[in-house]
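The next block is my_file_12.txt, given as compact mmCIF, C-alpha atoms.
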# COMPACT_ATOMS: atom_id res chain seq x y z
CA MET K 777 20.83 -20.57 31.98
CA ALA K 778 17.61 -22.13 30.78
CA SER K 779 17.09 -25.86 30.72
CA ILE K 780 16.82 -26.73 27.05
CA LEU K 781 15.14 -29.80 25.57
CA SER K 782 17.50 -32.73 25.71
CA ALA K 783 18.39 -35.68 23.48
CA GLY K 784 15.62 -38.25 23.13
CA THR K 785 12.84 -35.64 23.09
CA VAL K 786 10.67 -35.19 20.00
CA ALA K 787 11.42 -31.70 18.65
CA PRO K 788 8.28 -29.52 18.86
CA ASP K 789 7.01 -28.81 15.35
CA PHE K 790 6.69 -25.22 14.16
CA THR K 791 5.86 -22.98 11.27
CA LEU K 792 7.75 -19.69 11.20
CA ARG K 793 8.29 -16.84 8.76
CA VAL K 794 11.50 -17.28 6.80
CA THR K 795 11.03 -14.38 4.35
CA PRO K 796 8.43 -11.60 4.27
CA ASP K 797 6.10 -13.85 2.24
CA GLN K 798 7.21 -17.42 3.02
CA ASN K 799 6.85 -19.80 5.94
CA LEU K 800 8.95 -22.82 6.83
CA THR K 801 7.54 -25.84 8.66
CA LEU K 802 9.89 -28.14 10.54
CA SER K 803 7.96 -31.34 9.76
CA ASP K 804 8.38 -30.62 6.02
CA LEU K 805 12.03 -31.49 6.57
CA ARG K 806 11.21 -34.95 7.98
CA GLY K 807 13.50 -37.57 6.42
CA ARG K 808 16.51 -35.28 6.67
CA ASN K 809 18.68 -34.32 9.60
CA VAL K 810 18.10 -30.79 10.87
CA ILE K 811 20.36 -28.42 12.80
CA ILE K 812 18.46 -25.75 14.73
CA VAL K 813 20.52 -22.80 15.93
CA PHE K 814 18.85 -20.42 18.38
CA TYR K 815 20.89 -17.23 18.77
CA PRO K 816 20.28 -13.95 20.62
CA ALA K 817 20.36 -11.33 17.88
CA ASP K 818 21.19 -10.48 14.30
CA TRP K 819 24.14 -8.03 14.07
CA SER K 820 25.60 -8.78 17.51
CA PRO K 821 29.34 -9.55 17.28
CA VAL K 822 29.28 -13.11 18.63
CA CYS K 823 26.21 -14.12 16.61
CA GLY K 824 27.80 -12.66 13.49
CA ASP K 825 30.89 -14.86 13.96
CA GLN K 826 28.76 -17.88 14.72
CA VAL K 827 26.53 -17.67 11.64
CA ALA K 828 29.55 -16.79 9.46
CA LEU K 829 31.19 -20.03 10.59
CA TYR K 830 28.11 -22.16 9.86
CA ASN K 831 27.80 -20.43 6.51
CA GLU K 832 31.25 -21.81 5.58
CA LEU K 833 30.24 -25.32 6.62
CA LEU K 834 27.09 -25.82 4.55
CA THR K 835 28.80 -28.35 2.28
CA GLU K 836 29.87 -30.39 5.33
CA PHE K 837 26.33 -30.27 6.73
CA HIS K 838 24.89 -31.31 3.37
CA LYS K 839 27.30 -34.27 3.28
CA HIS K 840 25.42 -35.48 6.36
CA ASP K 841 22.11 -34.73 4.64
CA ALA K 842 21.45 -31.98 7.19
CA GLU K 843 19.63 -28.68 6.80
CA ILE K 844 20.53 -25.79 9.10
CA LEU K 845 18.01 -23.26 10.41
CA GLY K 846 18.91 -20.12 12.37
CA ILE K 847 16.26 -18.74 14.72
CA SER K 848 16.12 -15.49 16.69
CA VAL K 849 13.39 -13.08 17.78
CA ASP K 850 14.39 -10.60 15.06
CA GLY K 851 11.81 -9.89 12.38
CA VAL K 852 11.95 -11.04 8.77
CA TRP K 853 13.17 -7.71 7.37
CA CYS K 854 15.97 -7.60 9.89
CA HIS K 855 16.90 -11.20 8.99
CA ALA K 856 16.83 -10.31 5.30
CA ALA K 857 19.22 -7.39 5.76
CA PHE K 858 21.52 -9.42 8.01
CA ALA K 859 21.59 -12.38 5.62
CA ARG K 860 22.35 -10.13 2.67
CA HIS K 861 25.08 -8.27 4.52
CA ARG K 862 26.81 -11.51 5.58
CA ASN K 863 26.17 -13.48 2.38
CA LEU K 864 24.32 -16.14 4.36
CA HIS K 865 23.10 -19.13 2.37
CA PHE K 866 20.83 -20.74 4.94
CA PRO K 867 17.41 -19.70 6.25
CA LEU K 868 16.95 -17.43 9.26
CA LEU K 869 13.55 -17.83 10.92
CA ALA K 870 11.71 -15.14 12.84
CA ASP K 871 10.39 -16.17 16.27
CA PHE K 872 8.86 -12.73 16.29
CA GLU K 873 5.12 -12.93 16.95
CA PRO K 874 4.25 -14.01 19.57
CA LYS K 875 7.77 -13.11 20.51
CA GLY K 876 9.96 -16.03 21.53
CA GLU K 877 7.08 -18.50 21.62
CA LEU K 878 9.04 -21.23 19.89
CA ALA K 879 12.23 -20.58 21.87
CA ARG K 880 10.18 -21.05 25.06
CA LYS K 881 8.98 -24.47 23.82
CA TYR K 882 12.61 -25.52 23.35
CA GLY K 883 13.59 -24.08 26.74
CA ALA K 884 15.81 -21.62 24.91
CA TYR K 885 14.33 -18.25 25.84
CA ARG K 886 15.91 -15.67 28.14
CA ALA K 887 12.90 -13.83 29.52
CA THR K 888 15.01 -11.24 31.35
CA GLU K 889 16.62 -10.01 28.12
CA GLY K 890 13.82 -11.01 25.76
CA VAL K 891 16.11 -12.94 23.43
CA CYS K 892 16.87 -16.55 22.53
CA GLU K 893 19.60 -18.48 24.26
CA ARG K 894 22.61 -19.51 22.22
CA ALA K 895 21.34 -23.08 21.89
CA LEU K 896 22.04 -25.81 19.35
CA PHE K 897 19.84 -28.79 18.48
CA VAL K 898 20.62 -31.62 16.07
CA LEU K 899 17.53 -33.55 14.98
CA ASP K 900 17.52 -36.97 13.35
CA ARG K 901 15.48 -37.90 10.28
CA GLU K 902 12.42 -38.67 12.41
CA GLY K 903 12.49 -35.26 14.10
CA MET K 904 13.89 -36.57 17.39
CA ILE K 905 16.48 -34.45 19.19
CA ALA K 906 19.76 -36.39 18.94
CA TRP K 907 21.97 -33.78 20.60
CA SER K 908 21.49 -30.38 22.18
CA TYR K 909 23.78 -27.83 23.75
CA CYS K 910 23.26 -24.46 25.40
CA SER K 911 26.32 -22.23 25.27
CA PRO K 912 27.07 -19.39 27.67
CA ILE K 913 25.47 -16.40 25.95
CA ALA K 914 28.77 -14.63 25.21
CA VAL K 915 30.54 -17.73 23.90
CA ASN K 916 30.37 -18.79 20.28
CA PRO K 917 29.94 -22.59 20.53
CA GLY K 918 31.64 -23.27 17.19
CA ALA K 919 30.64 -26.27 15.08
CA ASP K 920 32.60 -29.21 16.47
CA GLY K 921 29.66 -30.41 18.60
CA ILE K 922 27.27 -30.25 15.63
CA LEU K 923 29.68 -32.17 13.38
CA ASP K 924 30.30 -34.82 16.06
CA ALA K 925 26.52 -35.28 16.47
CA LEU K 926 25.98 -35.53 12.71
CA GLU K 927 28.77 -38.10 12.43
CA GLN K 928 27.11 -40.19 15.13
CA LEU K 929 23.81 -40.04 13.22
CA SER K 930 25.49 -41.01 9.95
CA LYS K 931 27.23 -43.93 11.68
CA LYS K 932 23.94 -45.08 13.18
CA ALA K 933 22.19 -44.78 9.82
CA ASN K 934 24.96 -46.79 8.13
CA ALA K 935 24.87 -49.52 10.76
CA HIS K 936 21.10 -49.67 10.38
CA GLY K 937 21.45 -49.81 6.60
CA HIS K 938 23.86 -52.75 6.88
CA LEU K 939 21.43 -54.51 9.19
CA GLU K 940 18.63 -54.10 6.66
CA ASP K 941 20.92 -55.40 3.91
CA ALA K 942 21.70 -58.43 6.06
CA HIS K 943 18.00 -59.10 6.59
CA GLN K 944 17.37 -58.86 2.87
CA GLN K 945 20.17 -61.35 2.18
CA GLU K 946 18.61 -63.79 4.58
CA MET L 1103 39.58 -27.24 28.13
CA VAL L 1104 39.50 -27.09 24.34
CA THR L 1105 42.41 -28.88 22.72
CA LEU L 1106 43.98 -29.05 19.30
CA LYS L 1107 42.80 -32.14 17.39
CA THR L 1108 45.23 -31.90 14.47
CA PRO L 1109 48.85 -32.48 15.50
CA ILE L 1110 51.65 -30.44 13.94
CA SER L 1111 52.80 -32.20 10.79
CA LYS L 1112 55.09 -31.77 7.81
CA SER L 1113 52.38 -29.93 5.91
CA ASP L 1114 52.35 -27.16 8.52
CA HIS L 1115 54.18 -23.88 8.23
CA VAL L 1116 56.44 -23.64 11.24
CA ARG L 1117 58.64 -20.71 12.26
CA GLY L 1118 61.15 -21.51 14.98
CA PRO L 1119 63.04 -24.64 16.07
CA MET L 1120 61.24 -28.02 16.14
CA THR L 1121 62.71 -28.59 19.60
CA ALA L 1122 61.12 -25.45 21.09
CA ALA L 1123 59.36 -25.97 24.41
CA ILE L 1124 56.43 -23.83 23.34
CA THR L 1125 54.30 -24.33 20.25
CA LEU L 1126 51.98 -21.44 19.47
CA VAL L 1127 49.39 -22.25 16.80
CA GLU L 1128 47.27 -19.55 15.23
CA TYR L 1129 44.21 -20.14 13.07
CA GLY L 1130 43.95 -16.97 11.04
CA ASP L 1131 42.40 -15.19 8.08
CA TYR L 1132 44.44 -12.66 6.07
CA GLN L 1133 41.44 -10.39 5.65
CA CYS L 1134 40.30 -10.49 9.29
CA PRO L 1135 41.12 -7.15 10.98
CA HIS L 1136 41.61 -8.84 14.37
CA CYS L 1137 44.22 -11.15 12.83
CA GLY L 1138 45.83 -8.09 11.27
CA MET L 1139 46.10 -6.52 14.71
CA ALA L 1140 47.44 -9.75 16.21
CA HIS L 1141 50.16 -10.15 13.57
CA PRO L 1142 52.77 -7.71 14.96
CA ILE L 1143 51.96 -8.94 18.49
CA VAL L 1144 52.67 -12.55 17.53
CA ASN L 1145 55.99 -11.43 16.07
CA GLN L 1146 56.83 -9.61 19.32
CA VAL L 1147 55.89 -12.68 21.36
CA GLN L 1148 58.12 -14.83 19.17
CA ALA L 1149 61.00 -12.36 19.55
CA HIS L 1150 60.44 -12.36 23.32
CA PHE L 1151 60.70 -16.14 23.70
CA ARG L 1152 63.32 -16.50 20.97
CA ASP L 1153 64.36 -20.13 20.36
CA SER L 1154 62.03 -21.56 22.99
CA LEU L 1155 58.97 -20.84 20.83
CA ARG L 1156 57.87 -22.14 17.46
CA PHE L 1157 54.95 -20.53 15.71
CA VAL L 1158 52.55 -22.41 13.43
CA PHE L 1159 50.04 -20.63 11.20
CA ARG L 1160 46.98 -22.43 9.85
CA HIS L 1161 44.37 -21.00 7.51
CA PHE L 1162 40.86 -20.23 8.67
CA PRO L 1163 39.38 -18.02 5.95
CA LEU L 1164 35.75 -16.96 6.35
CA ALA L 1165 35.42 -16.54 2.62
CA GLU L 1166 31.77 -15.47 2.53
CA VAL L 1167 32.47 -12.39 4.65
CA HIS L 1168 36.09 -11.91 3.51
CA PRO L 1169 36.07 -12.49 -0.25
CA ILE L 1170 39.87 -12.16 -0.66
CA ALA L 1171 40.74 -14.38 2.31
CA GLY L 1172 40.65 -17.68 0.42
CA ILE L 1173 42.77 -16.39 -2.46
CA ALA L 1174 45.23 -14.85 0.02
CA ALA L 1175 45.56 -18.17 1.86
CA GLU L 1176 46.09 -20.09 -1.39
CA SER L 1177 48.70 -17.52 -2.46
CA ALA L 1178 50.55 -18.02 0.81
CA GLU L 1179 50.55 -21.77 0.12
CA PHE L 1180 51.84 -21.09 -3.39
CA ALA L 1181 54.66 -19.01 -1.92
CA GLY L 1182 55.22 -21.79 0.63
CA ALA L 1183 55.87 -24.28 -2.16
CA ALA L 1184 58.71 -21.99 -3.24
CA GLY L 1185 60.00 -21.76 0.33
CA LEU L 1186 58.60 -18.24 0.83
CA PHE L 1187 55.53 -18.85 2.99
CA TRP L 1188 56.51 -16.50 5.82
CA GLU L 1189 57.57 -13.74 3.45
CA MET L 1190 54.15 -13.87 1.80
CA HIS L 1191 52.39 -14.28 5.17
CA ASP L 1192 54.03 -11.16 6.61
CA ALA L 1193 53.42 -9.12 3.48
CA LEU L 1194 49.73 -10.10 3.32
CA PHE L 1195 49.16 -8.90 6.87
CA GLU L 1196 51.28 -5.78 6.42
CA ASN L 1197 49.21 -4.84 3.38
CA GLN L 1198 45.88 -5.89 4.83
CA SER L 1199 44.34 -2.43 4.49
CA ILE L 1200 44.82 -2.58 0.71
CA LEU L 1201 44.40 -6.34 0.31
CA SER L 1202 43.10 -7.21 -3.15
CA VAL L 1203 44.00 -9.53 -6.00
CA PRO L 1204 46.33 -6.87 -7.55
CA THR L 1205 47.99 -6.38 -4.14
CA ILE L 1206 48.63 -10.12 -3.89
CA PHE L 1207 50.18 -10.17 -7.36
CA MET L 1208 52.27 -7.14 -6.46
CA ILE L 1209 53.60 -8.95 -3.39
CA ALA L 1210 54.27 -12.06 -5.47
CA GLU L 1211 56.24 -9.96 -7.95
CA LYS L 1212 58.35 -8.48 -5.15
CA LEU L 1213 59.06 -12.02 -3.95
CA ARG L 1214 59.94 -12.98 -7.55
CA LEU L 1215 57.27 -15.61 -7.72
CA PRO L 1216 56.20 -16.50 -11.28
CA GLU L 1217 53.01 -14.58 -12.07
CA ILE L 1218 51.58 -16.99 -14.63
CA GLU L 1219 52.09 -19.96 -12.36
CA LEU L 1220 50.41 -18.15 -9.46
CA ARG L 1221 47.47 -17.25 -11.69
CA ASP L 1222 47.23 -20.88 -12.78
CA ALA L 1223 47.45 -22.20 -9.20
CA LEU L 1224 44.65 -19.88 -8.08
CA ALA L 1225 42.47 -20.58 -11.13
CA THR L 1226 42.75 -24.35 -10.75
CA GLY L 1227 42.51 -24.26 -6.95
CA ARG L 1228 45.78 -26.15 -6.54
CA TYR L 1229 45.97 -25.28 -2.83
CA ARG L 1230 42.25 -25.15 -2.09
CA ASN L 1231 42.24 -28.57 -0.42
CA LYS L 1232 45.20 -27.66 1.78
CA VAL L 1233 43.45 -24.48 2.92
CA ARG L 1234 40.16 -26.31 3.46
CA GLY L 1235 42.04 -29.02 5.38
CA ASP L 1236 43.44 -26.39 7.74
CA PHE L 1237 39.97 -24.89 8.11
CA MET L 1238 38.21 -28.18 8.89
CA GLY L 1239 40.95 -29.22 11.32
CA GLY L 1240 40.31 -25.92 13.09
CA VAL L 1241 36.55 -26.45 13.17
CA ARG L 1242 37.02 -29.90 14.72
CA SER L 1243 39.34 -28.35 17.31
CA GLY L 1244 36.59 -25.92 18.30
CA VAL L 1245 37.88 -22.86 16.44
CA ASN L 1246 34.88 -20.53 16.23
CA GLY L 1247 36.43 -17.38 14.83
CA THR L 1248 39.77 -15.74 14.20
CA PRO L 1249 42.35 -15.35 15.43
CA ALA L 1250 42.28 -18.53 17.53
CA PHE L 1251 45.42 -19.44 19.44
CA PHE L 1252 46.53 -22.77 20.90
CA ILE L 1253 49.44 -22.86 23.32
CA ASN L 1254 50.99 -26.34 23.47
CA GLY L 1255 47.72 -27.75 22.18
CA VAL L 1256 45.39 -25.94 24.58
CA ARG L 1257 43.14 -23.17 23.31
CA HIS L 1258 43.94 -19.72 24.66
CA ASP L 1259 40.57 -18.14 25.45
CA GLY L 1260 41.82 -14.82 26.82
CA ALA L 1261 42.90 -11.57 25.23
CA TYR L 1262 45.78 -11.60 22.74
CA ASP L 1263 47.64 -8.40 23.49
CA PHE L 1264 51.37 -8.89 24.12
CA ALA L 1265 51.18 -9.08 27.94
CA SER L 1266 48.23 -11.50 27.95
CA LEU L 1267 49.82 -13.86 25.43
CA VAL L 1268 53.18 -13.84 27.22
CA SER L 1269 51.64 -14.56 30.61
CA ALA L 1270 49.36 -17.27 29.17
CA ILE L 1271 52.41 -18.92 27.61
CA GLN L 1272 54.34 -18.72 30.89
CA LEU L 1273 51.40 -20.24 32.78
CA ARG L 1274 51.18 -23.06 30.24
CA ILE L 1275 54.91 -23.80 30.54
CA THR L 1276 54.52 -23.99 34.33
CA ALA L 1277 51.42 -26.22 34.06
CA ASP L 1278 53.11 -28.53 31.52
CA SER L 1279 56.25 -28.87 33.64
CA HIS L 1280 54.14 -30.20 36.55
CA VAL L 1281 52.57 -33.01 34.53
Rewrite the structure of this file - the entire thing - as structure tokens.
Amino acid sequence: MASILSAGTVAPDFTLRVTPDQNLTLSDLRGRNVIIVFYPADWSPVCGDQVALYNELLTEFHKHDAEILGISVDGVWCHAAFARHRNLHFPLLADFEPKGELARKYGAYRATEGVCERALFVLDREGMIAWSYCSPIAVNPGADGILDALEQLSKKANAHGHLEDAHQQE
Amino acid sequence: MVTLKTPISKSDHVRGPMTAAITLVEYGDYQCPHCGMAHPIVNQVQAHFRDSLRFVFRHFPLAEVHPIAGIAAESAEFAGAAGLFWEMHDALFENQSILSVPTIFMIAEKLRLPEIELRDALATGRYRNKVRGDFMGGVRSGVNGTPAFFINGVRHDGAYDFASLVSAIQLRITADSHV
């Protein structure tokens, strides 16, 4: 298993295709929490279950002011068909050309198979990795780790907010 | 070891004696074909262990891929309020291949549940929070798809054919008795 970027690392910025005629840039999401989900392939059974689960949790993620991005080496048209077939309501990004370049930067590329690892990253509002996890490739990691990480971030943000309030009162 | 975060409570649907040594929890979706296949197996497992097993079913509908799953789960809750949860639960799985809103109403009619009240409960989402509560409890317990089984609070990661479930349960009983 690859050694993925760990908590405390600044998440490498990127611009990737999200639809045939649109790009998405990570740093444009600064100020919000971001969940990055690298997964091996559209249409594969485990990935299908995994994205279907996240798709049901978008309201929970939004409660934590978090955006979720799925990334694989599949191309935009493949992503479009997959998203339509599964009714997905979050963006799938194509790490397609040069293939897997971004996944390599995150330590989440499996060169032997030419696909992304099944790796999760939760980024804080400043774009710092707050939590990361690489799952065995055949195991759907679920969402409990993501939600725990987001809760920690929300707690931290609240504590910080209270501190600022206290300073203002002084 | 993945463990169940939400303990069994009064709001759960439980089949079998409260004193049973084994508690088998399933997170399931009435429109999921794998859950449909597991349904008769779970019944066989329960028959095999008789009074030493209680079975708990919690909802885990993936509504974006299974558009009837949420309505089916809410209908089961509606039936549950009339004391007919398991009757509705069994019928939903037995009719999975033709599952639709008319099928659900047909089942409700057979169970003599009031049609207008069911329509009203579904329209107003009376049981939506209960179903979502089951779902979120499952997510926090690491449920990543359906069916997901927990045997005495520990997730069963293996196959769920009859022999695998029975032997996993026996192993768990042995492990628990050594604690």
TODO: With a cut-off of 7 Å and counting only C-alpha atoms, select all residues of chain K in contact with chain L and give the selection as a ChimeraX atom specification.
DONE: /K:825-826,828-829,832,862-863,916-920
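CA of Ala884 in chain K to CA of Pro788 in chain K spans 12.5 Å [interatomic distance, one decimal].
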Task: Surrounding residues of range 889-902 of chain K excluding itself and chain neighbours under 4 positions, 8 Å, only C-alpha atoms, as a ChimeraX atom specification - done: /K:778,780,787,806-817,848-849,876,879,884-885,906-913,922,925-926,929
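Among L:Ile1218, L:Val1104, L:Ile1253, L:Ile1170, the residue with the shortest atom-to-atom distance to Leu1267 in chain L, counting all atoms listed in the file, is L:Ile1253.
Across the structure, CA of Thr801 in chain K and CA of Phe858 in chain K are spaced 21.6 Å apart.
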TODO: Fewer than 2 positions away in the same chain doesn't count, so skip those; otherwise give me all residues within 8 Å of range 1124-1126 of chain L, counting all atoms listed in the file, as a PyMOL selection string.
DONE: chain L and resi 1122+1128+1154-1158+1251-1255+1271+1275
Using only C-alpha atoms, please write the residues we just selected to a file, as a PDB file, keeping the file's coordinate frame.
ATOM      1  CA  ALA L1122      61.120 -25.450  21.090  1.00  0.00           C
ATOM      2  CA  GLU L1128      47.270 -19.550  15.230  1.00  0.00           C
ATOM      3  CA  SER L1154      62.030 -21.560  22.990  1.00  0.00           C
ATOM      4  CA  LEU L1155      58.970 -20.840  20.830  1.00  0.00           C
ATOM      5  CA  ARG L1156      57.870 -22.140  17.460  1.00  0.00           C
ATOM      6  CA  PHE L1157      54.950 -20.530  15.710  1.00  0.00           C
ATOM      7  CA  VAL L1158      52.550 -22.410  13.430  1.00  0.00           C
ATOM      8  CA  PHE L1251      45.420 -19.440  19.440  1.00  0.00           C
ATOM      9  CA  PHE L1252      46.530 -22.770  20.900  1.00  0.00           C
ATOM     10  CA  ILE L1253      49.440 -22.860  23.320  1.00  0.00           C
ATOM     11  CA  ASN L1254      50.990 -26.340  23.470  1.00  0.00           C
ATOM     12  CA  GLY L1255      47.720 -27.750  22.180  1.00  0.00           C
ATOM     13  CA  ILE L1271      52.410 -18.920  27.610  1.00  0.00           C
ATOM     14  CA  ILE L1275      54.910 -23.800  30.540  1.00  0.00           C
TER      15      ILE L1275
END
Task: Atom-to-atom span, CA of Val852 in chain K and CA of Met904 in chain K, Å - done: 27.0 Å
Can you tell me which residues surround His855 in chain K at a distance of at most 8 Å, considering all atoms listed in the file, apart from same-chain residues fewer than 2 positions away, and format the answer as an mmCIF file with C-alpha atoms, keeping the file's coordinate frame?
data_model
loop_
_atom_site.group_PDB
_atom_site.id
_atom_site.type_symbol
_atom_site.label_atom_id
_atom_site.label_comp_id
_atom_site.auth_asym_id
_atom_site.auth_seq_id
_atom_site.Cartn_x
_atom_site.Cartn_y
_atom_site.Cartn_z
ATOM 1 C CA ASP K 818 21.190 -10.480 14.300
ATOM 2 C CA ASP K 850 14.390 -10.600 15.060
ATOM 3 C CA GLY K 851 11.810 -9.890 12.380
ATOM 4 C CA VAL K 852 11.950 -11.040 8.770
ATOM 5 C CA TRP K 853 13.170 -7.710 7.370
ATOM 6 C CA ALA K 857 19.220 -7.390 5.760
ATOM 7 C CA PHE K 858 21.520 -9.420 8.010
ATOM 8 C CA ALA K 859 21.590 -12.380 5.620
ATOM 9 C CA LEU K 868 16.950 -17.430 9.260
ATOM 10 C CA LEU K 869 13.550 -17.830 10.920
ATOM 11 C CA ALA K 870 11.710 -15.140 12.840
#
